[in-house]
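run.pdb follows (PDB, C-alpha atoms):
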ATOM      1  CA  MET A  19     -15.784-147.433 -39.667
ATOM      2  CA  THR A  20     -16.085-143.927 -38.253
ATOM      3  CA  HIS A  21     -13.180-141.615 -38.968
ATOM      4  CA  ARG A  22     -11.909-139.988 -35.766
ATOM      5  CA  GLU A  23     -11.172-136.287 -36.152
ATOM      6  CA  SER A  24      -7.626-135.298 -35.235
ATOM      7  CA  PRO A  25      -7.280-132.917 -32.256
ATOM      8  CA  PHE A  26      -4.434-131.177 -34.071
ATOM      9  CA  VAL A  27      -4.980-128.360 -36.534
ATOM     10  CA  LEU A  28      -2.333-127.936 -39.229
ATOM     11  CA  ASN A  29      -2.024-124.843 -41.369
ATOM     12  CA  GLY A  30       1.163-124.928 -43.399
ATOM     13  CA  THR A  31       3.938-124.962 -40.801
ATOM     14  CA  GLN A  32       1.595-123.909 -37.983
ATOM     15  CA  VAL A  33       0.201-126.518 -35.578
ATOM     16  CA  SER A  34      -2.495-125.862 -32.988
ATOM     17  CA  TYR A  35      -3.610-127.970 -30.050
ATOM     18  CA  ILE A  36      -5.950-125.618 -28.181
ATOM     19  CA  GLY A  37      -8.542-126.092 -25.448
ATOM     20  CA  HIS A  38      -8.246-129.811 -24.722
ATOM     21  CA  ASP A  39      -7.507-129.508 -20.979
ATOM     22  CA  SER A  40      -4.521-131.743 -21.550
ATOM     23  CA  GLU A  41      -1.925-132.045 -18.793
ATOM     24  CA  ASP A  42       0.782-133.231 -21.179
ATOM     25  CA  ILE A  43       1.734-132.536 -24.770
ATOM     26  CA  PRO A  44       0.605-135.585 -26.797
ATOM     27  CA  HIS A  45       3.571-137.629 -27.948
ATOM     28  CA  SER A  46       1.925-138.044 -31.340
ATOM     29  CA  LEU A  47       2.066-134.274 -31.874
ATOM     30  CA  GLY A  48       5.837-134.364 -31.893
ATOM     31  CA  GLU A  49       5.983-137.516 -33.972
ATOM     32  CA  ARG A  50       3.798-136.049 -36.719
ATOM     33  CA  TYR A  51       4.886-132.430 -36.814
ATOM     34  CA  GLY A  52       8.126-132.148 -34.814
ATOM     35  CA  LYS A  53      10.353-131.646 -37.854
ATOM     36  CA  LEU A  54       7.774-129.644 -39.790
ATOM     37  CA  ALA A  55       6.194-127.149 -37.412
ATOM     38  CA  LYS A  56       7.648-123.666 -37.033
ATOM     39  CA  ARG A  57       4.772-122.283 -34.987
ATOM     40  CA  VAL A  58       2.952-124.205 -32.222
ATOM     41  CA  ASP A  59      -0.043-123.000 -30.193
ATOM     42  CA  LEU A  60      -0.844-124.996 -27.050
ATOM     43  CA  SER A  61      -3.116-122.462 -25.331
ATOM     44  CA  PHE A  62      -6.025-123.255 -22.987
ATOM     45  CA  ASN A  63      -4.829-126.593 -21.702
ATOM     46  CA  GLN A  64      -3.640-127.763 -18.271
ATOM     47  CA  LEU A  65       0.023-128.119 -19.170
ATOM     48  CA  ARG A  66       2.608-128.204 -16.390
ATOM     49  CA  SER A  67       5.571-129.309 -18.502
ATOM     50  CA  LEU A  68       6.956-128.518 -21.949
ATOM     51  CA  ALA A  69       9.641-131.183 -22.019
ATOM     52  CA  SER A  70       8.017-132.919 -25.016
ATOM     53  CA  LEU A  71       8.900-129.959 -27.221
ATOM     54  CA  LYS A  72      12.376-131.424 -27.687
ATOM     55  CA  MET A  73      11.101-133.051 -30.874
ATOM     56  CA  PHE A  74      10.326-129.630 -32.439
ATOM     57  CA  THR A  75      13.769-128.867 -33.753
ATOM     58  CA  GLU A  76      12.605-126.148 -36.191
ATOM     59  CA  LEU A  77      10.344-124.275 -33.774
ATOM     60  CA  GLU A  78      10.361-120.482 -34.115
ATOM     61  CA  GLU A  79       7.155-119.404 -32.356
ATOM     62  CA  LEU A  80       5.573-120.941 -29.264
ATOM     63  CA  VAL A  81       2.278-119.899 -27.655
ATOM     64  CA  VAL A  82       1.357-121.535 -24.338
ATOM     65  CA  ASP A  83      -1.073-119.030 -22.831
ATOM     66  CA  ASN A  84      -3.619-120.054 -20.181
ATOM     67  CA  ASN A  85      -1.921-123.135 -18.821
ATOM     68  CA  LEU A  86      -0.534-124.200 -15.421
ATOM     69  CA  LEU A  87       3.159-123.676 -16.020
ATOM     70  CA  GLY A  88       5.032-122.815 -12.821
ATOM     71  CA  ASN A  89       8.533-122.005 -11.606
ATOM     72  CA  ASP A  90       9.740-125.520 -12.413
ATOM     73  CA  LEU A  91       9.286-124.810 -16.133
ATOM     74  CA  GLN A  92      12.025-126.433 -18.213
ATOM     75  CA  LEU A  93      12.191-125.867 -21.958
ATOM     76  CA  PRO A  94      14.402-127.978 -24.202
ATOM     77  CA  ARG A  95      17.016-126.038 -26.098
ATOM     78  CA  LEU A  96      15.261-124.263 -28.973
ATOM     79  CA  PRO A  97      17.955-122.368 -30.882
ATOM     80  CA  LYS A  98      15.564-120.949 -33.519
ATOM     81  CA  LEU A  99      12.773-119.802 -31.194
ATOM     82  CA  HIS A 100      12.257-116.039 -31.500
ATOM     83  CA  THR A 101       8.723-115.658 -30.093
ATOM     84  CA  LEU A 102       7.428-116.997 -26.773
ATOM     85  CA  THR A 103       4.183-116.107 -25.028
ATOM     86  CA  LEU A 104       3.539-117.467 -21.534
ATOM     87  CA  ASN A 105       0.583-115.285 -20.614
ATOM     88  CA  LYS A 106      -1.700-116.326 -17.747
ATOM     89  CA  ASN A 107       0.278-119.137 -16.204
ATOM     90  CA  GLN A 108       1.580-119.572 -12.645
ATOM     91  CA  LEU A 109       5.036-118.051 -12.924
ATOM     92  CA  THR A 110       6.274-116.089  -9.911
ATOM     93  CA  ASP A 111      10.096-116.311  -9.966
ATOM     94  CA  ILE A 112      11.112-113.893 -12.707
ATOM     95  CA  GLU A 113      14.872-114.207 -12.216
ATOM     96  CA  ALA A 114      14.979-118.001 -12.478
ATOM     97  CA  LEU A 115      12.778-117.903 -15.581
ATOM     98  CA  LEU A 116      14.923-115.319 -17.365
ATOM     99  CA  GLU A 117      18.149-117.154 -16.617
ATOM    100  CA  HIS A 118      16.630-120.346 -18.031
ATOM    101  CA  LEU A 119      15.413-118.584 -21.182
ATOM    102  CA  ALA A 120      18.789-116.965 -21.711
ATOM    103  CA  ASP A 121      20.306-120.432 -21.711
ATOM    104  CA  VAL A 122      17.871-122.354 -23.937
ATOM    105  CA  THR A 123      16.419-119.692 -26.274
ATOM    106  CA  PRO A 124      19.385-117.626 -27.527
ATOM    107  CA  SER A 125      17.406-116.171 -30.478
ATOM    108  CA  LEU A 126      14.436-114.934 -28.410
ATOM    109  CA  GLU A 127      13.202-111.486 -29.461
ATOM    110  CA  TYR A 128       9.569-111.411 -28.362
ATOM    111  CA  LEU A 129       8.480-112.411 -24.857
ATOM    112  CA  SER A 130       5.134-111.951 -23.130
ATOM    113  CA  LEU A 131       4.469-112.776 -19.469
ATOM    114  CA  LEU A 132       1.242-110.869 -18.854
ATOM    115  CA  GLY A 133      -1.110-112.423 -16.328
ATOM    116  CA  ASN A 134       1.640-113.989 -14.192
ATOM    117  CA  GLU A 135       2.670-112.834 -10.731
ATOM    118  CA  ALA A 136       6.182-112.512 -12.111
ATOM    119  CA  CYS A 137       4.895-109.631 -14.245
ATOM    120  CA  PRO A 138       3.686-106.818 -11.909
ATOM    121  CA  ASN A 139       0.918-105.558 -14.163
ATOM    122  CA  GLN A 140      -1.954-103.603 -12.634
ATOM    123  CA  LEU A 141      -4.519-105.778 -14.390
ATOM    124  CA  VAL A 142      -3.348-108.776 -12.365
ATOM    125  CA  SER A 143      -1.816-107.093  -9.297
ATOM    126  CA  PRO A 144      -3.884-104.060  -8.234
ATOM    127  CA  ASP A 145      -1.272-103.181  -5.587
ATOM    128  CA  LYS A 146       1.340-102.581  -8.308
ATOM    129  CA  ASP A 147       1.745 -99.360 -10.255
ATOM    130  CA  ASP A 148       3.426 -98.167 -13.442
ATOM    131  CA  ASP A 149       6.759 -97.744 -11.673
ATOM    132  CA  ASP A 150       6.730-101.387 -10.585
ATOM    133  CA  TYR A 151       6.028-102.485 -14.137
ATOM    134  CA  GLN A 152       8.778-100.278 -15.552
ATOM    135  CA  ARG A 153      11.319-101.679 -13.088
ATOM    136  CA  TYR A 154      10.241-105.150 -14.151
ATOM    137  CA  ARG A 155      10.872-104.217 -17.791
ATOM    138  CA  TYR A 156      14.343-102.896 -16.996
ATOM    139  CA  PHE A 157      15.202-106.109 -15.155
ATOM    140  CA  VAL A 158      13.925-108.361 -17.965
ATOM    141  CA  LEU A 159      15.816-106.357 -20.588
ATOM    142  CA  TYR A 160      18.958-106.506 -18.496
ATOM    143  CA  LYS A 161      18.728-110.307 -18.420
ATOM    144  CA  LEU A 162      17.602-110.645 -22.060
ATOM    145  CA  PRO A 163      19.148-107.662 -23.884
ATOM    146  CA  GLN A 164      18.283-109.019 -27.342
ATOM    147  CA  LEU A 165      14.516-108.598 -26.824
ATOM    148  CA  LYS A 166      12.697-106.287 -29.246
ATOM    149  CA  PHE A 167       9.215-106.744 -27.785
ATOM    150  CA  LEU A 168       8.267-107.312 -24.150
ATOM    151  CA  ASP A 169       4.639-108.061 -23.327
ATOM    152  CA  SER A 170       2.560-105.658 -25.430
ATOM    153  CA  ARG A 171       5.184-102.953 -25.993
ATOM    154  CA  ARG A 172       8.131-102.496 -28.272
ATOM    155  CA  VAL A 173      11.476-102.058 -26.556
ATOM    156  CA  THR A 174      12.877 -98.579 -27.187
ATOM    157  CA  LYS A 175      16.537 -97.730 -27.564
ATOM    158  CA  LYS A 176      16.386 -95.495 -24.508
ATOM    159  CA  GLU A 177      14.804 -98.291 -22.509
ATOM    160  CA  SER A 178      17.533-100.720 -23.532
ATOM    161  CA  MET A 179      20.263 -98.282 -22.501
ATOM    162  CA  GLU A 180      18.601 -97.667 -19.145
ATOM    163  CA  ALA A 181      18.208-101.410 -18.600
ATOM    164  CA  GLN A 182      21.905-102.070 -19.133
ATOM    165  CA  ALA A 183      22.844 -99.207 -16.828
ATOM    166  CA  ARG A 184      20.455 -99.897 -13.946
ATOM    167  CA  GLY A 185      18.549-103.082 -14.708
ATOM    168  CA  ALA A 186      20.571-105.267 -12.355
ATOM    169  CA  PHE A 187      19.113-103.334  -9.421
ATOM    170  CA  MET A 188      15.521-103.240 -10.663
ATOM    171  CA  LYS A 189      14.276-106.642  -9.594
ATOM    172  CA  VAL A 190      10.810-106.300  -8.100
ATOM    173  CA  VAL A 191      10.711-108.396  -4.949
ATOM    174  CA  LYS A 192       7.315-109.492  -3.753
ATOM    175  CA  PRO A 193       7.198-109.794   0.034
ATOM    176  CA  LYS A 194       6.124-113.140   1.418
ATOM    177  CA  SER A 195       2.677-113.106   2.956
ATOM    178  CA  GLU A 196       2.659-113.880   6.630
ATOM    179  CA  GLY A 197      -0.510-115.460   7.927
ATOM    180  CA  VAL A 198      -1.633-114.910  11.516
ATOM    181  CA  PRO A 199      -0.969-118.137  13.439
ATOM    182  CA  ASN A 200      -3.896-119.639  15.279
ATOM    183  CA  GLU A 201      -3.791-120.394  18.950
ATOM    184  CA  ALA A 202      -3.019-124.048  18.348
ATOM    185  CA  GLY A 203       0.036-123.173  16.283
ATOM    186  CA  LEU A 204       1.528-120.505  18.563
ATOM    187  CA  GLU A 205       3.750-122.956  20.379
ATOM    188  CA  ASN A 206       5.317-124.016  17.074
ATOM    189  CA  CYS A 207       6.178-120.448  16.050
ATOM    190  CA  PRO A 208       9.481-119.399  17.703
ATOM    191  CA  LEU A 209       9.508-115.800  18.855
ATOM    192  CA  PRO A 210      12.519-113.512  18.430
ATOM    193  CA  TYR A 211      14.550-112.707  21.532
ATOM    194  CA  THR A 212      12.988-110.168  23.847
ATOM    195  CA  PRO A 213      13.860-109.209  27.430
ATOM    196  CA  LEU A 214      10.144-108.905  28.202
ATOM    197  CA  PRO A 215       8.505-111.547  30.407
ATOM    198  CA  GLN A 216       6.498-114.151  28.508
ATOM    199  CA  GLY A 217       3.166-112.572  29.398
ATOM    200  CA  SER A 218       4.243-109.148  28.110
ATOM    201  CA  ARG A 219       5.285-110.079  24.562
ATOM    202  CA  ASP A 220       2.008-108.983  23.061
ATOM    203  CA  ALA A 221       2.557-105.639  21.341
ATOM    204  CA  LYS A 222      -0.739-104.414  22.768
ATOM    205  CA  ASN A 223       0.650-104.734  26.294
ATOM    206  CA  HIS A 224       3.946-102.916  25.704
ATOM    207  CA  LYS A 225       3.062 -99.678  27.484
ATOM    208  CA  ALA A 226       5.252-100.283  30.519
ATOM    209  CA  ILE A 227       6.945-103.161  32.306
ATOM    210  CA  CYS A 228       8.145-104.105  35.751
ATOM    211  CA  THR A 229      11.771-102.960  35.690
ATOM    212  CA  HIS A 230      13.178-104.868  38.623
ATOM    213  CA  HIS A 231      11.712-108.170  37.448
ATOM    214  CA  VAL A 232      13.041-107.638  33.920
ATOM    215  CA  THR A 233      16.449-106.876  35.380
ATOM    216  CA  CYS A 234      16.384-110.170  37.235
ATOM    217  CA  MET A 235      14.895-111.996  34.238
ATOM    218  CA  GLU A 236      11.841-113.024  36.294
ATOM    219  CA  ALA A 237       8.160-112.708  35.561
ATOM    220  CA  PRO A 238       6.370-109.840  37.396
ATOM    221  CA  GLU A 239       4.276-110.743  40.388
ATOM    222  CA  PRO A 240       0.613-109.752  40.691
ATOM    223  CA  GLY A 241       0.138-106.285  42.134
ATOM    224  CA  CYS A 242       3.623-105.062  41.267
ATOM    225  CA  HIS A 243       3.513-101.368  40.310
ATOM    226  CA  ARG A 244       7.174-100.662  39.596
ATOM    227  CA  THR A 245       6.941 -99.750  35.958
ATOM    228  CA  LEU A 246       9.023 -97.888  33.421
ATOM    229  CA  PRO A 247       8.322 -96.912  29.762
ATOM    230  CA  LEU A 248       9.945 -99.161  27.190
ATOM    231  CA  LYS A 249      12.092 -96.339  25.842
ATOM    232  CA  ASN A 250      14.203 -96.653  29.022
ATOM    233  CA  MET A 251      14.845-100.362  28.547
ATOM    234  CA  GLU A 252      18.497-101.344  28.819
ATOM    235  CA  PRO A 253      20.386-103.482  26.279
ATOM    236  CA  ARG A 254      20.394-107.215  26.753
ATOM    237  CA  GLU A 255      24.054-107.306  27.818
ATOM    238  CA  GLU A 256      23.548-104.719  30.554
ATOM    239  CA  ILE A 257      20.432-106.464  31.814
ATOM    240  CA  GLN A 258      22.239-109.782  32.064
ATOM    241  CA  SER A 259      25.315-108.247  33.753
ATOM    242  CA  LYS A 260      23.151-106.661  36.417
ATOM    243  CA  SER A 261      20.989-109.693  37.058
ATOM    244  CA  LYS A 262      23.060-110.884  39.995
ATOM    245  CA  LEU A 263      23.478-107.389  41.385
ATOM    246  CA  PHE A 264      19.723-106.841  41.696
ATOM    247  CA  TYR A 265      18.703-110.344  42.564
ATOM    248  CA  SER A 266      18.196-109.250  46.149
ATOM    249  CA  CYS A 267      15.524-106.760  45.049
ATOM    250  CA  CYS A 268      13.330-109.610  43.861
ATOM    251  CA  THR A 269      13.807-111.463  47.136
ATOM    252  CA  THR A 270      12.937-108.333  49.078
ATOM    253  CA  ASN A 271       9.841-107.759  46.953
ATOM    254  CA  LYS A 272       8.574-111.278  47.631
ATOM    255  CA  GLN A 273       8.846-110.652  51.352
ATOM    256  CA  THR A 274       7.127-107.255  51.213
ATOM    257  CA  SER A 275       4.149-108.135  49.024
ATOM    258  CA  GLY A 276       2.004-105.181  47.981
ATOM    259  CA  SER A 277       4.519-102.473  48.904
ATOM    260  CA  ILE A 278       5.581 -99.933  46.282
ATOM    261  CA  GLN A 279       9.308 -99.238  46.206
ATOM    262  CA  SER A 280      11.483 -97.147  43.942
ATOM    263  CA  SER A 281      13.068 -98.879  40.948
ATOM    264  CA  PRO A 282      16.556-100.337  41.555
ATOM    265  CA  LEU A 283      17.560 -98.885  38.174
ATOM    266  CA  GLU A 284      17.133 -95.311  39.373
ATOM    267  CA  GLY A 285      20.373 -93.419  39.536
ATOM    268  CA  LEU A 286      22.270 -95.867  37.312
TER     269      LEU A 286
END
Take the structure in the file and give it back as structure tokens.
Amino acid sequence: MTHRESPFVLNGTQVSYIGHDSEDIPHSLGERYGKLAKRVDLSFNQLRSLASLKMFTELEELVVDNNLLGNDLQLPRLPKLHTLTLNKNQLTDIEALLEHLADVTPSLEYLSLLGNEACPNQLVSPDKDDDDYQRYRYFVLYKLPQLKFLDSRRVTKKESMEAQARGAFMKVVKPKSEGVPNEAGLENCPLPYTPLPQGSRDAKNHKAICTHHVTCMEAPEPGCHRTLPLKNMEPREEIQSKSKLFYSCCTTNKQTSGSIQSSPLEGL
């Protein structure tokens, strides 16, 4: 009978389960070593959940680099955990993560988040700079003031003091990317209010508009030359209040097609 080699590597109180592309922590890992292991390395897998760690009651160090952990990460309460590395995962919401860690890992002193979007490091986000990273550090230290190491740097006393003074305002907010809608999807994308006629909402066409048709809330007719720069546009309330007053100008224009008349807004 061939002896099957165990996928787990035990070295004293250290247990490793590395590079198996596993999507879940094997239940047998907790059964065998849950009460023994103080350090667990689960790097280079495909983990999306760490819920099975609830069996590791004595855990002090946890390494889960290079996995697929996202913003729905939920750790069991690990009161003795002092070291946690989550490098190169899929974490983007730094505030939610820190609030969760503050609740379930009260003894945490070393945290590393390098390689996640939540950590604005230039190696991962070329559009970020040193100032962005320093603001991130202040915010993390404000949320987790007991940390002694963050990422690859020791936390200084000056840094801790600055974090408590200004860290609450140092959250780095990443703007949401806005894709350009295709022609098929334009009708499903509501536009903000604008007094411009429908055909003039393109920013490229906003050089001038037909003033008397805008006043009457009608679309301009072909050949109309009564234009005015946008800087002279009136507020929405004034436009609406004058719509009845200048309605006759539109009627007159329809009857005198092709003629160029002065704007009804002149002199107001």
- Task: Find the residues around range 25-39 of chain A up to 12 Å (all atoms listed in the file counted), leave out those fewer than 6 positions away in its own chain, and share them as a PyMOL selection string.
- Result: chain A and resi 45-48+50-66+74+76-86
Taking the file above as input, evaluate the PyMOL selection byres ((chain A and resi 178-190) around 9) and report the hits as a short mmCIF file (atom, residue, chain, number, x, y, z; two decimals) with C-alpha atoms, in the frame of the given file.
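result_16.cif, written as the output of this step:
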data_model
loop_
_atom_site.label_atom_id
_atom_site.label_comp_id
_atom_site.auth_asym_id
_atom_site.auth_seq_id
_atom_site.Cartn_x
_atom_site.Cartn_y
_atom_site.Cartn_z
CA ILE A 112 11.11 -113.89 -12.71
CA GLU A 113 14.87 -114.21 -12.22
CA ALA A 136 6.18 -112.51 -12.11
CA PRO A 138 3.69 -106.82 -11.91
CA ASP A 150 6.73 -101.39 -10.58
CA TYR A 151 6.03 -102.48 -14.14
CA GLN A 152 8.78 -100.28 -15.55
CA ARG A 153 11.32 -101.68 -13.09
CA TYR A 154 10.24 -105.15 -14.15
CA ARG A 155 10.87 -104.22 -17.79
CA TYR A 156 14.34 -102.90 -17.00
CA PHE A 157 15.20 -106.11 -15.16
CA VAL A 158 13.92 -108.36 -17.96
CA LEU A 159 15.82 -106.36 -20.59
CA TYR A 160 18.96 -106.51 -18.50
CA LYS A 161 18.73 -110.31 -18.42
CA PRO A 163 19.15 -107.66 -23.88
CA VAL A 173 11.48 -102.06 -26.56
CA THR A 174 12.88 -98.58 -27.19
CA LYS A 175 16.54 -97.73 -27.56
CA LYS A 176 16.39 -95.50 -24.51
CA GLU A 177 14.80 -98.29 -22.51
CA VAL A 191 10.71 -108.40 -4.95
CA LYS A 192 7.32 -109.49 -3.75
#
- Note on the structure: Expressed in Å, the length from CA of His100 in chain A to CA of Leu115 in chain A is 16.0 Å
- In Å and to one decimal, CA of Val122 in chain A is distant from CA of Leu93 in chain A by 7.0 Å
- Two-atom distance - CA of Leu71 in chain A, CA of Gly88 in chain A (Å):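 The value is 16.5 Å.
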- Option closest in space to Leu87 in chain A, from A:Asp121, A:Glu49, A:Asp42, A:Asp148 [counting all atoms listed in the file]: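 Closest to Leu87 in chain A of all the choices is A:Asp42.
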- Message: Calculated over only C-alpha atoms, which of the candidates A:Gln92, A:Glu23, A:Lys146, A:Thr75 has the smallest distance to Glu117 in chain A?
- Response: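 Among the listed residues, A:Gln92 lies closest to Glu117 in chain A.
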- Within 8 Å of Asn89 in chain A, counting all atoms listed in the file, which residues qualify if same-chain residues fewer than 2 places away don't, as a ChimeraX atom specification? /A:87,91,108-111,114-115
Export, as a tab-separated table (two decimals), keeping the file's coordinate frame, the selected residues with C-alpha atoms.
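Everything below was put into result.tsv:
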chain	number	residue	atom	x	y	z
A	87	LEU	CA	3.16	-123.68	-16.02
A	91	LEU	CA	9.29	-124.81	-16.13
A	108	GLN	CA	1.58	-119.57	-12.64
A	109	LEU	CA	5.04	-118.05	-12.92
A	110	THR	CA	6.27	-116.09	-9.91
A	111	ASP	CA	10.10	-116.31	-9.97
A	114	ALA	CA	14.98	-118.00	-12.48
A	115	LEU	CA	12.78	-117.90	-15.58
- Nearest-residue call for Glu135 in chain A, choices A:Leu119, A:Leu168, A:Ile43, A:Leu104, using only C-alpha atoms: A:Leu104
Which residues are near Pro124 in chain A? Cut-off 8 Å, all atoms listed in the file, ignore same chain within fewer than 6 positions. Put them as a PDB file with C-alpha atoms, in the frame of the given file.
ATOM      1  CA  LEU A  96      15.261-124.263 -28.973  1.00  0.00           C
ATOM      2  CA  PRO A  97      17.955-122.368 -30.882  1.00  0.00           C
ATOM      3  CA  LYS A  98      15.564-120.949 -33.519  1.00  0.00           C
ATOM      4  CA  LEU A  99      12.773-119.802 -31.194  1.00  0.00           C
TER       5      LEU A  99
END
- Note on the structure: Among A:His118, A:Asn134, A:Asn139, A:Asp149, Leu162 in chain A is approached most closely, using all atoms listed in the file, by A:His118
